[in-house]
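Q: Structure file entry.csv, CSV, C-alpha atoms, is pasted below:
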```csv
chain,number,residue,atom,x,y,z
A,1,MET,CA,-11.5,15.8,23.4
A,2,THR,CA,-10.2,13.0,21.1
A,3,ASN,CA,-12.6,11.8,18.4
A,4,ALA,CA,-12.3,8.1,17.5
A,5,ILE,CA,-12.2,8.9,13.8
A,6,THR,CA,-9.6,11.7,13.8
A,7,LYS,CA,-7.4,10.1,16.4
A,8,PRO,CA,-3.8,10.0,15.2
A,9,ARG,CA,-2.5,6.7,13.9
A,10,ARG,CA,-0.1,4.8,16.2
A,11,TRP,CA,1.3,1.4,15.4
A,12,ASP,CA,1.2,-1.1,18.3
A,13,PRO,CA,4.4,-2.1,20.0
A,14,ILE,CA,4.7,-5.5,18.2
A,15,VAL,CA,4.5,-3.7,14.8
A,16,LYS,CA,7.1,-1.2,15.9
A,17,LEU,CA,9.5,-3.7,17.5
A,18,THR,CA,9.4,-6.1,14.5
A,19,HIS,CA,9.8,-3.1,12.0
A,20,TRP,CA,12.9,-1.7,13.8
A,21,GLY,CA,14.3,-5.1,14.6
A,22,VAL,CA,14.2,-6.1,10.9
A,23,VAL,CA,15.7,-2.7,10.0
A,24,THR,CA,18.6,-3.4,12.5
A,25,ALA,CA,19.1,-6.9,11.1
A,26,VAL,CA,19.1,-5.7,7.4
A,27,ILE,CA,21.6,-2.9,8.3
A,28,ALA,CA,23.8,-5.3,10.2
A,29,ASN,CA,23.9,-7.8,7.4
A,30,ALA,CA,24.2,-5.2,4.6
A,31,ILE,CA,27.1,-3.3,6.2
A,32,PHE,CA,28.7,-4.9,9.3
A,33,THR,CA,28.7,-8.7,9.0
A,34,GLU,CA,30.7,-10.6,6.5
A,35,GLU,CA,28.7,-12.5,3.9
A,36,GLY,CA,28.2,-16.1,4.9
A,37,SER,CA,29.8,-15.6,8.3
A,38,GLY,CA,28.4,-16.9,11.5
A,39,TRP,CA,27.2,-13.5,12.6
A,40,HIS,CA,25.5,-13.0,9.2
A,41,ILE,CA,23.6,-16.2,9.7
A,42,TRP,CA,22.6,-15.3,13.3
A,43,ALA,CA,21.3,-11.9,12.2
A,44,GLY,CA,19.4,-13.6,9.4
A,45,TYR,CA,17.8,-16.1,11.8
A,46,GLY,CA,16.9,-13.1,14.1
A,47,LEU,CA,15.3,-11.4,11.1
A,48,ALA,CA,13.4,-14.6,10.3
A,49,GLY,CA,12.0,-14.8,13.9
A,50,LEU,CA,10.8,-11.1,13.8
A,51,LEU,CA,9.3,-11.6,10.3
A,52,ALA,CA,7.5,-14.7,11.5
A,53,LEU,CA,6.1,-12.8,14.5
A,54,ARG,CA,4.9,-9.9,12.3
A,55,LEU,CA,3.2,-12.3,9.9
A,56,LEU,CA,1.6,-14.1,12.9
A,57,TRP,CA,0.5,-10.6,14.2
A,58,GLY,CA,-1.1,-10.1,10.8
A,59,LEU,CA,-3.5,-13.0,11.6
A,60,ILE,CA,-4.1,-12.5,15.4
A,61,GLY,CA,-3.1,-8.8,16.0
A,62,PRO,CA,-5.4,-5.8,16.5
A,63,ALA,CA,-7.6,-4.7,13.6
A,64,GLU,CA,-5.2,-2.2,11.9
A,65,ALA,CA,-2.2,-4.6,12.1
A,66,ARG,CA,-4.1,-7.5,10.4
A,67,PHE,CA,-3.8,-8.4,6.7
A,68,THR,CA,-7.6,-7.9,6.4
A,69,ALA,CA,-7.1,-4.2,7.1
A,70,PHE,CA,-4.8,-3.8,4.1
A,71,PRO,CA,-5.5,-6.4,1.5
A,72,PRO,CA,-3.1,-6.4,-1.5
A,73,SER,CA,-5.3,-4.9,-4.1
A,74,PRO,CA,-4.1,-3.2,-7.3
A,75,GLY,CA,-7.6,-1.8,-7.7
A,76,ARG,CA,-7.5,0.1,-4.4
A,77,ALA,CA,-3.9,1.2,-5.1
A,78,ALA,CA,-5.1,2.7,-8.4
A,79,ALA,CA,-8.0,4.4,-6.6
A,80,HIS,CA,-5.5,5.7,-4.1
A,81,VAL,CA,-3.3,7.2,-6.9
A,82,GLY,CA,-6.5,9.0,-8.0
A,83,GLU,CA,-6.9,10.4,-4.5
A,84,ILE,CA,-3.3,11.7,-4.6
A,85,ARG,CA,-3.9,13.3,-8.0
A,86,ARG,CA,-7.0,15.0,-6.8
A,87,GLY,CA,-5.3,16.0,-3.6
A,88,ASP,CA,-7.8,14.2,-1.4
A,89,LEU,CA,-6.7,13.3,2.1
A,90,VAL,CA,-8.3,10.2,3.5
A,91,HIS,CA,-7.5,9.3,7.0
A,92,ARG,CA,-6.7,5.6,7.5
A,93,ARG,CA,-6.1,3.5,10.6
A,94,SER,CA,-3.8,1.1,8.7
A,95,HIS,CA,-1.5,1.2,5.6
A,96,ASN,CA,-2.7,3.2,2.6
A,97,PRO,CA,-3.3,0.9,-0.4
A,98,LEU,CA,0.1,1.8,-2.0
A,99,GLY,CA,1.9,1.3,1.4
A,100,ALA,CA,0.1,-2.1,1.7
A,101,LEU,CA,1.5,-3.3,-1.7
A,102,MET,CA,5.0,-2.1,-0.4
A,103,ALA,CA,4.6,-4.1,2.8
A,104,TYR,CA,3.7,-7.3,1.0
A,105,ALA,CA,6.5,-6.8,-1.5
A,106,ILE,CA,9.1,-6.3,1.2
A,107,TRP,CA,7.8,-9.3,3.2
A,108,ALA,CA,7.8,-11.6,0.1
A,109,THR,CA,11.4,-10.4,-0.7
A,110,LEU,CA,12.5,-11.0,2.9
A,111,LEU,CA,11.0,-14.5,2.8
A,112,VAL,CA,13.0,-15.3,-0.3
A,113,ILE,CA,16.1,-13.9,1.3
A,114,VAL,CA,15.6,-15.9,4.5
A,115,ALA,CA,14.7,-19.1,2.7
A,116,SER,CA,17.7,-19.0,0.4
A,117,GLY,CA,19.9,-18.0,3.2
A,118,ILE,CA,18.8,-20.9,5.4
A,119,ALA,CA,19.1,-23.3,2.5
A,120,MET,CA,22.8,-22.2,2.1
A,121,SER,CA,23.7,-22.0,5.8
A,122,GLY,CA,21.7,-24.8,7.5
A,123,PRO,CA,21.0,-24.5,11.2
A,124,PRO,CA,22.6,-21.5,13.1
A,125,PRO,CA,26.2,-22.2,14.0
A,126,ALA,CA,26.8,-22.9,17.7
A,127,ASP,CA,29.5,-20.3,17.8
A,128,PRO,CA,29.0,-17.5,15.3
A,129,ALA,CA,32.5,-16.2,15.7
A,130,ALA,CA,33.9,-19.6,14.5
A,131,VAL,CA,32.3,-19.5,11.1
A,132,LYS,CA,34.3,-17.2,8.7
A,133,GLY,CA,32.6,-15.4,5.8
A,134,GLU,CA,33.0,-15.6,2.1
A,135,GLN,CA,35.7,-12.9,1.8
A,136,SER,CA,38.2,-14.8,3.9
A,137,GLU,CA,37.5,-17.9,1.8
A,138,GLU,CA,38.1,-15.9,-1.4
A,139,GLN,CA,41.3,-14.4,0.0
A,140,ALA,CA,42.5,-17.9,0.8
A,141,ALA,CA,41.5,-19.2,-2.6
A,142,LYS,CA,43.5,-16.4,-4.3
A,143,SER,CA,46.6,-17.8,-2.8
A,144,ASP,CA,46.5,-20.8,-5.3
A,145,LEU,CA,46.8,-23.4,-2.6
A,146,PRO,CA,45.5,-26.9,-3.2
A,147,SER,CA,42.1,-27.5,-1.7
A,148,PHE,CA,43.3,-29.8,1.0
A,149,VAL,CA,45.5,-27.0,2.4
A,150,LEU,CA,42.5,-24.7,2.2
A,151,GLN,CA,40.5,-27.2,4.2
A,152,THR,CA,43.0,-27.0,7.0
A,153,LEU,CA,43.3,-23.2,6.8
A,154,ILE,CA,39.6,-22.5,6.9
A,155,PRO,CA,38.1,-23.7,10.2
A,156,PRO,CA,35.2,-26.0,9.4
A,157,ALA,CA,31.7,-24.8,10.1
A,158,ARG,CA,31.1,-27.2,12.9
A,159,ALA,CA,34.0,-28.3,15.0
A,160,ASP,CA,32.4,-31.6,15.9
A,161,GLU,CA,32.0,-32.7,12.2
A,162,ASP,CA,34.9,-34.7,10.8
A,163,GLU,CA,36.9,-33.2,8.0
A,164,GLY,CA,36.2,-35.8,5.4
A,165,GLU,CA,32.4,-35.2,5.6
A,166,GLU,CA,33.0,-31.5,5.6
A,167,ALA,CA,35.1,-31.6,2.4
A,168,GLY,CA,32.6,-33.9,0.7
A,169,GLU,CA,29.8,-31.5,1.6
A,170,ARG,CA,31.6,-28.5,0.2
A,171,ALA,CA,32.3,-30.2,-3.1
A,172,GLY,CA,28.8,-31.4,-3.5
A,173,GLU,CA,27.1,-28.2,-2.4
A,174,ASN,CA,29.1,-25.9,-4.7
A,175,GLU,CA,26.8,-26.2,-7.7
A,176,SER,CA,23.4,-26.1,-5.8
A,177,ASP,CA,24.7,-23.3,-3.6
A,178,GLU,CA,25.6,-21.2,-6.6
A,179,TRP,CA,22.1,-20.6,-7.7
A,180,LEU,CA,20.9,-20.2,-4.1
A,181,GLU,CA,23.6,-17.6,-3.8
A,182,GLU,CA,22.3,-16.0,-7.0
A,183,VAL,CA,18.7,-16.0,-5.7
A,184,HIS,CA,19.9,-14.6,-2.3
A,185,GLU,CA,21.8,-11.7,-4.0
A,186,ILE,CA,19.1,-10.8,-6.5
A,187,ALA,CA,16.5,-10.7,-3.7
A,188,VAL,CA,18.8,-8.6,-1.5
A,189,ASN,CA,19.3,-6.1,-4.3
A,190,LEU,CA,15.5,-6.0,-4.9
A,191,LEU,CA,15.1,-5.4,-1.2
A,192,TYR,CA,17.4,-2.4,-1.4
A,193,VAL,CA,15.3,-1.0,-4.2
A,194,LEU,CA,12.1,-1.6,-2.2
A,195,ILE,CA,13.6,0.1,0.9
A,196,ALA,CA,14.6,3.1,-1.2
A,197,LEU,CA,11.0,3.2,-2.6
A,198,HIS,CA,9.6,2.8,0.9
A,199,LEU,CA,11.6,5.7,2.2
A,200,ALA,CA,10.6,7.8,-0.8
A,201,GLY,CA,7.0,6.9,-0.1
A,202,VAL,CA,7.3,8.0,3.5
A,203,VAL,CA,8.9,11.3,2.5
A,204,PHE,CA,6.2,11.9,-0.1
A,205,GLU,CA,3.3,11.1,2.3
A,206,THR,CA,4.8,13.2,5.0
A,207,ARG,CA,4.9,16.2,2.6
A,208,ARG,CA,1.4,15.5,1.5
A,209,SER,CA,-0.4,14.8,4.7
A,210,GLY,CA,1.9,15.7,7.6
A,211,ARG,CA,4.2,14.0,10.1
A,212,GLU,CA,1.7,11.4,11.2
A,213,VAL,CA,3.2,8.7,9.0
A,214,VAL,CA,6.6,9.0,10.7
A,215,GLY,CA,5.1,9.6,14.2
A,216,SER,CA,3.0,6.4,14.0
A,217,MET,CA,6.2,4.3,13.7
A,218,ILE,CA,8.7,6.0,16.1
A,219,PRO,CA,8.7,5.2,19.8
A,220,GLY,CA,6.4,7.6,21.7
A,221,GLY,CA,5.3,9.3,18.4
A,222,ASN,CA,1.8,10.7,17.9
A,223,ARG,CA,1.1,10.7,21.6
A,224,ARG,CA,-2.5,11.1,22.7
A,225,THR,CA,-2.7,14.5,24.4
B,226,MET,CA,-7.0,14.7,37.0
B,227,THR,CA,-5.6,14.9,33.5
B,228,LYS,CA,-2.1,14.4,34.8
B,229,THR,CA,-2.8,11.2,36.6
B,230,LEU,CA,-4.8,9.8,33.7
B,231,GLY,CA,-1.9,10.5,31.4
B,232,GLN,CA,0.5,8.9,33.8
B,233,SER,CA,-1.5,5.8,34.1
B,234,THR,CA,-1.9,5.6,30.3
B,235,GLN,CA,1.9,5.9,30.0
B,236,TYR,CA,2.4,3.2,32.6
B,237,ARG,CA,0.1,0.9,30.7
B,238,ASP,CA,1.8,1.7,27.4
B,239,ARG,CA,5.1,0.8,29.0
B,240,GLN,CA,3.8,-2.5,30.3
B,241,THR,CA,2.4,-3.4,26.9
B,242,LEU,CA,5.7,-2.5,25.3
B,243,LEU,CA,7.5,-4.7,27.8
B,244,VAL,CA,5.3,-7.7,27.1
B,245,ALA,CA,5.6,-7.1,23.4
B,246,ALA,CA,9.4,-7.0,23.7
B,247,VAL,CA,9.5,-10.3,25.5
B,248,VAL,CA,7.3,-11.8,22.8
B,249,ALA,CA,9.6,-10.5,20.1
B,250,VAL,CA,12.7,-12.0,21.9
B,251,GLN,CA,10.8,-15.3,22.3
B,252,ALA,CA,9.9,-15.4,18.7
B,253,VAL,CA,13.6,-14.9,17.7
B,254,ALA,CA,14.7,-17.5,20.2
B,255,ALA,CA,12.0,-20.0,19.0
B,256,VAL,CA,13.2,-19.7,15.4
B,257,PHE,CA,16.8,-20.3,16.6
B,258,PHE,CA,15.8,-23.3,18.7
B,259,VAL,CA,13.6,-25.0,16.1
B,260,ALA,CA,16.4,-24.5,13.4
B,261,ASP,CA,19.0,-25.9,15.8
B,262,ALA,CA,16.9,-28.9,16.8
B,263,LEU,CA,16.1,-29.6,13.1
B,264,GLY,CA,19.8,-29.4,12.4
B,265,ASP,CA,20.7,-31.8,15.2
B,266,PHE,CA,18.0,-34.1,14.1
B,267,ALA,CA,19.3,-34.2,10.5
B,268,ALA,CA,22.8,-34.8,11.8
B,269,ASP,CA,22.2,-37.4,14.6
B,270,GLY,CA,18.7,-38.7,14.2
B,271,MET,CA,16.3,-39.0,17.2
B,272,THR,CA,18.1,-38.7,20.5
B,273,ALA,CA,16.9,-37.9,24.1
B,274,HIS,CA,18.6,-34.6,23.7
B,275,ILE,CA,16.6,-33.7,20.7
B,276,ALA,CA,13.4,-34.8,22.4
B,277,ILE,CA,14.1,-32.4,25.2
B,278,GLU,CA,14.9,-29.7,22.7
B,279,ALA,CA,11.7,-30.3,20.9
B,280,VAL,CA,9.7,-29.9,24.1
B,281,ILE,CA,11.5,-26.6,24.8
B,282,ALA,CA,11.0,-25.4,21.3
B,283,PHE,CA,7.3,-26.2,21.6
B,284,ALA,CA,7.1,-24.3,25.0
B,285,LEU,CA,8.8,-21.3,23.4
B,286,LEU,CA,6.4,-21.3,20.4
B,287,ALA,CA,3.4,-21.7,22.8
B,288,GLY,CA,4.8,-18.7,24.8
B,289,VAL,CA,4.9,-16.6,21.6
B,290,PHE,CA,1.3,-17.4,20.8
B,291,ILE,CA,0.1,-16.8,24.4
B,292,GLY,CA,2.2,-13.7,24.7
B,293,ALA,CA,0.9,-12.3,21.4
B,294,ALA,CA,-2.6,-12.9,22.6
B,295,HIS,CA,-1.9,-11.2,25.9
B,296,VAL,CA,-0.5,-8.1,24.1
B,297,ARG,CA,-3.6,-8.0,22.0
B,298,ARG,CA,-5.8,-8.1,25.0
B,299,LEU,CA,-3.8,-5.3,26.6
B,300,LEU,CA,-4.1,-3.2,23.5
B,301,ALA,CA,-7.9,-3.9,23.2
B,302,GLU,CA,-8.4,-3.0,26.9
B,303,ALA,CA,-6.5,0.3,26.4
B,304,ARG,CA,-8.6,1.1,23.4
B,305,ARG,CA,-11.8,0.3,25.2
B,306,ARG,CA,-10.8,2.6,28.1
B,307,GLU,CA,-9.9,5.4,25.8
B,308,GLU,CA,-13.2,5.1,24.0
B,309,ALA,CA,-15.1,5.0,27.2
B,310,LEU,CA,-13.3,8.0,28.5
B,311,ALA,CA,-14.0,9.9,25.2
B,312,VAL,CA,-17.7,9.0,25.5
B,313,ALA,CA,-17.8,10.1,29.1
B,314,LYS,CA,-16.0,13.3,28.3
B,315,GLY,CA,-18.4,14.0,25.4
B,316,ALA,CA,-21.4,13.1,27.6
B,317,LEU,CA,-20.3,15.3,30.4
B,318,ALA,CA,-19.7,18.2,28.0
B,319,ASP,CA,-23.2,17.7,26.5
B,320,HIS,CA,-24.6,17.5,30.0
B,321,ILE,CA,-22.9,20.7,31.1
B,322,THR,CA,-24.2,22.6,28.0
B,323,ALA,CA,-27.7,21.3,28.7
B,324,ARG,CA,-27.7,22.4,32.3
B,325,PHE,CA,-26.3,25.9,31.4
B,326,ALA,CA,-29.2,26.2,28.9
B,327,ASP,CA,-31.7,25.1,31.6
B,328,TRP,CA,-30.5,27.8,33.9
B,329,GLY,CA,-30.7,30.4,31.2
B,330,LEU,CA,-27.1,31.5,31.2
B,331,THR,CA,-25.9,34.0,28.7
B,332,ALA,CA,-23.0,33.1,26.4
B,333,ALA,CA,-20.6,35.1,28.5
B,334,GLU,CA,-21.9,33.6,31.7
B,335,SER,CA,-21.6,30.1,30.2
B,336,ASP,CA,-17.9,30.8,29.4
B,337,VAL,CA,-17.3,32.1,32.9
B,338,ALA,CA,-19.2,29.2,34.5
B,339,LEU,CA,-17.1,26.7,32.5
B,340,PHE,CA,-13.8,28.3,33.7
B,341,ALA,CA,-15.2,28.2,37.2
B,342,LEU,CA,-16.0,24.5,36.8
B,343,LYS,CA,-12.4,23.9,35.7
B,344,GLY,CA,-11.2,25.5,39.0
B,345,CYS,CA,-10.2,29.0,37.9
B,346,ASP,CA,-10.8,31.9,40.4
B,347,ALA,CA,-12.2,35.2,39.4
B,348,ALA,CA,-8.8,36.8,38.8
B,349,GLU,CA,-7.7,34.0,36.5
B,350,ILE,CA,-11.0,34.1,34.6
B,351,ALA,CA,-10.6,37.8,34.2
B,352,ALA,CA,-7.1,37.4,32.8
B,353,LEU,CA,-8.2,34.6,30.4
B,354,ARG,CA,-11.2,36.5,29.1
B,355,GLY,CA,-9.4,39.9,29.1
B,356,ALA,CA,-12.2,41.4,31.2
B,357,ALA,CA,-12.2,43.4,34.5
B,358,GLN,CA,-12.3,41.3,37.7
B,359,GLY,CA,-15.4,43.2,38.8
B,360,THR,CA,-17.3,42.1,35.6
B,361,VAL,CA,-16.3,38.5,36.2
B,362,ARG,CA,-17.4,38.6,39.8
B,363,ALA,CA,-20.8,40.0,38.8
B,364,GLN,CA,-21.2,37.3,36.1
B,365,LEU,CA,-20.1,34.6,38.6
B,366,SER,CA,-22.7,35.7,41.2
B,367,GLN,CA,-25.3,35.7,38.4
B,368,VAL,CA,-24.3,32.1,37.5
B,369,TYR,CA,-24.5,31.1,41.2
B,370,THR,CA,-28.0,32.7,41.6
B,371,LYS,CA,-29.3,31.0,38.4
B,372,ALA,CA,-27.9,27.6,39.4
B,373,GLY,CA,-29.2,28.0,43.0
B,374,VAL,CA,-25.9,27.7,44.7
B,375,THR,CA,-23.8,30.2,46.8
B,376,SER,CA,-20.2,29.3,45.9
B,377,GLN,CA,-17.9,27.9,43.2
B,378,ALA,CA,-17.7,24.6,45.3
B,379,GLY,CA,-21.4,24.4,45.2
B,380,LEU,CA,-21.4,24.8,41.4
B,381,VAL,CA,-18.9,22.1,41.0
B,382,SER,CA,-20.6,19.7,43.4
B,383,LEU,CA,-23.8,20.0,41.4
B,384,PHE,CA,-22.1,18.2,38.5
B,385,LEU,CA,-20.2,15.9,40.7
B,386,ASP,CA,-23.5,14.9,42.2
B,387,ASP,CA,-24.9,14.1,38.7
B,388,LEU,CA,-21.9,11.8,38.0
B,389,LEU,CA,-22.0,9.9,41.3
```
With the file now loaded, output its structure as structure tokens.

A:
Amino acid sequence: MTNAITKPRRWDPIVKLTHWGVVTAVIANAIFTEEGSGWHIWAGYGLAGLLALRLLWGLIGPAEARFTAFPPSPGRAAAHVGEIRRGDLVHRRSHNPLGALMAYAIWATLLVIVASGIAMSGPPPADPAAVKGEQSEEQAAKSDLPSFVLQTLIPPARADEDEGEEAGERAGENESDEWLEEVHEIAVNLLYVLIALHLAGVVFETRRSGREVVGSMIPGGNRRT
Amino acid sequence: MTKTLGQSTQYRDRQTLLVAAVVAVQAVAAVFFVADALGDFAADGMTAHIAIEAVIAFALLAGVFIGAAHVRRLLAEARRREEALAVAKGALADHITARFADWGLTAAESDVALFALKGCDAAEIAALRGAAQGTVRAQLSQVYTKAGVTSQAGLVSLFLDDLL
């Protein structure tokens, strides 16, 4: 007989899909795609869509997925640290207060990454394979060729735009893009730190209170029996 | 009974997952489409092509909202069913305990009667309780006598009758 209070936590499919979709996009853009390349931009837009859905779900989803179930509250987080010190196990339907702070921190960081990324890239390129990344640009730059030769070597971002406009855009954007790039990179590094902390938190909570934390997020985990 | 209930729960879970997956793909597609339409608008200004794109983008966004609301309904329904089932299970368990008490069953007889209700025969009950089959048979006939029935089927139908 399952009791409503002690029933194991299971995240709903939207939470799971958006979580693992974002994980996939982050891994793809951290390891596999070239910075600034068409695929990098596409993965970033995909991440933006999933993040938008999760945030929408925080407003209209079921009770435990809503922001109201896990308000960002340092007070509650401090109380939760007290619980951990005393060794109290409190069963929660949603994030614990520390996990809630982590969720908001990761979302905010992702929003900064997405916003700075879109500001640099503009709309998603029609053909992701046609837009080359930063590394190939740098490699070309190292060859000490004048910029007009570079322009012909590097395929322009959009084939339908004429070259003069493209070259003008590149020269004008360089300065404003530099600080956007800086913001993008700092936020990404912050995201890596947060991911490491998130994983450490999951390991810690699993040791403290069992496998439910992991089971609630994996497909088919914490099945009702 | 447990098996079919579990199967139908699994089926519903899969359906909810499917709808949720479509909503997720739609959300990603909507973001692409809106970004693309905005980019085209910035490049070319208002054209018939962009007007059509805007309508499609709006339809996608509406689909995301309606789909999300649908997923939420499915989840709420599943939860209601689960809770109703838990209440029914709890209520039936309480009811069975109360009836056993009414009949004046001993603790051992109650145990045996519960196994009998779950469909075990005397040999199985004996194995489960680590008792001799003769003992279990004697206890079962005591239970039938106290309940005013003559067989295991009669015992089960008493409770089925209460439920229907």

Q: Within 10 Å of chain A, which residues belong to chain B? Use only C-alpha atoms and report them as number ranges by chain.

A: B: 227, 231, 234-235, 238-239, 241-265, 267-268, 289-290, 293-294, 296-298, 300-301, 304, 307-308, 310-312, 314-315, 318

Q: If you measure from atom CA of A:Ile106 to atom CA of A:Val26, what distance in Å do you get, rounded to one decimal?

A: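 Separating atom CA of A:Ile106 from atom CA of A:Val26 is a distance of 11.8 Å.
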
Q: Please, what distance in Å, to one decimal, runs between atom CA of B:Asp386 and atom CA of B:Cys345?

A: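 Distance between the two atoms: 19.9 Å.
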
Q: One number please: atom CA of A:Ala30 to atom CA of A:Glu185, in Å, one decimal.

A: 11.0 Å

Q: Just want the 9 Å neighbourhood of B:Val368, counted on all atoms listed in the file, with same-chain residues fewer than 6 positions away dropped. Output as a PyMOL selection string.

A: chain B and resi 325+328+330+334-335+337-338+374+380

Q: List the neighbours of A:Gly58 out to 6 Å using only C-alpha atoms; skip same-chain residues closer than 4 positions along the sequence, and give me the result as a ChimeraX atom specification.

A: /A:65-67

Q: Residues at most 9 Å from B:Gly344, counting all atoms listed in the file, excluding those fewer than 5 positions away in the same chain, as a PyMOL selection string?

A: chain B and resi 339+377+381

Q: Kindly indicate which residue among A:Gly82, A:Pro72, A:Pro128, A:Gly133 lies nearest to A:Trp39, using all atoms listed in the file for the distances.

A: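 Under the stated criterion, the closest residue is A:Pro128.
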
Q: I need every residue sitting at most 6 Å from the point (23.6, -18.9, -2.4) (coordinates as in the file, all atoms listed in the file considered), written as a list in words.

A: Met120, Asp177, Glu178, Trp179, Leu180, Glu181, Glu182 and His184 of chain A

Q: Got a sec: who's within 10 Å of A:Gly99, counting all atoms listed in the file, leaving out chain neighbours fewer than 5 positions off, as a count of residues only?

A: 10
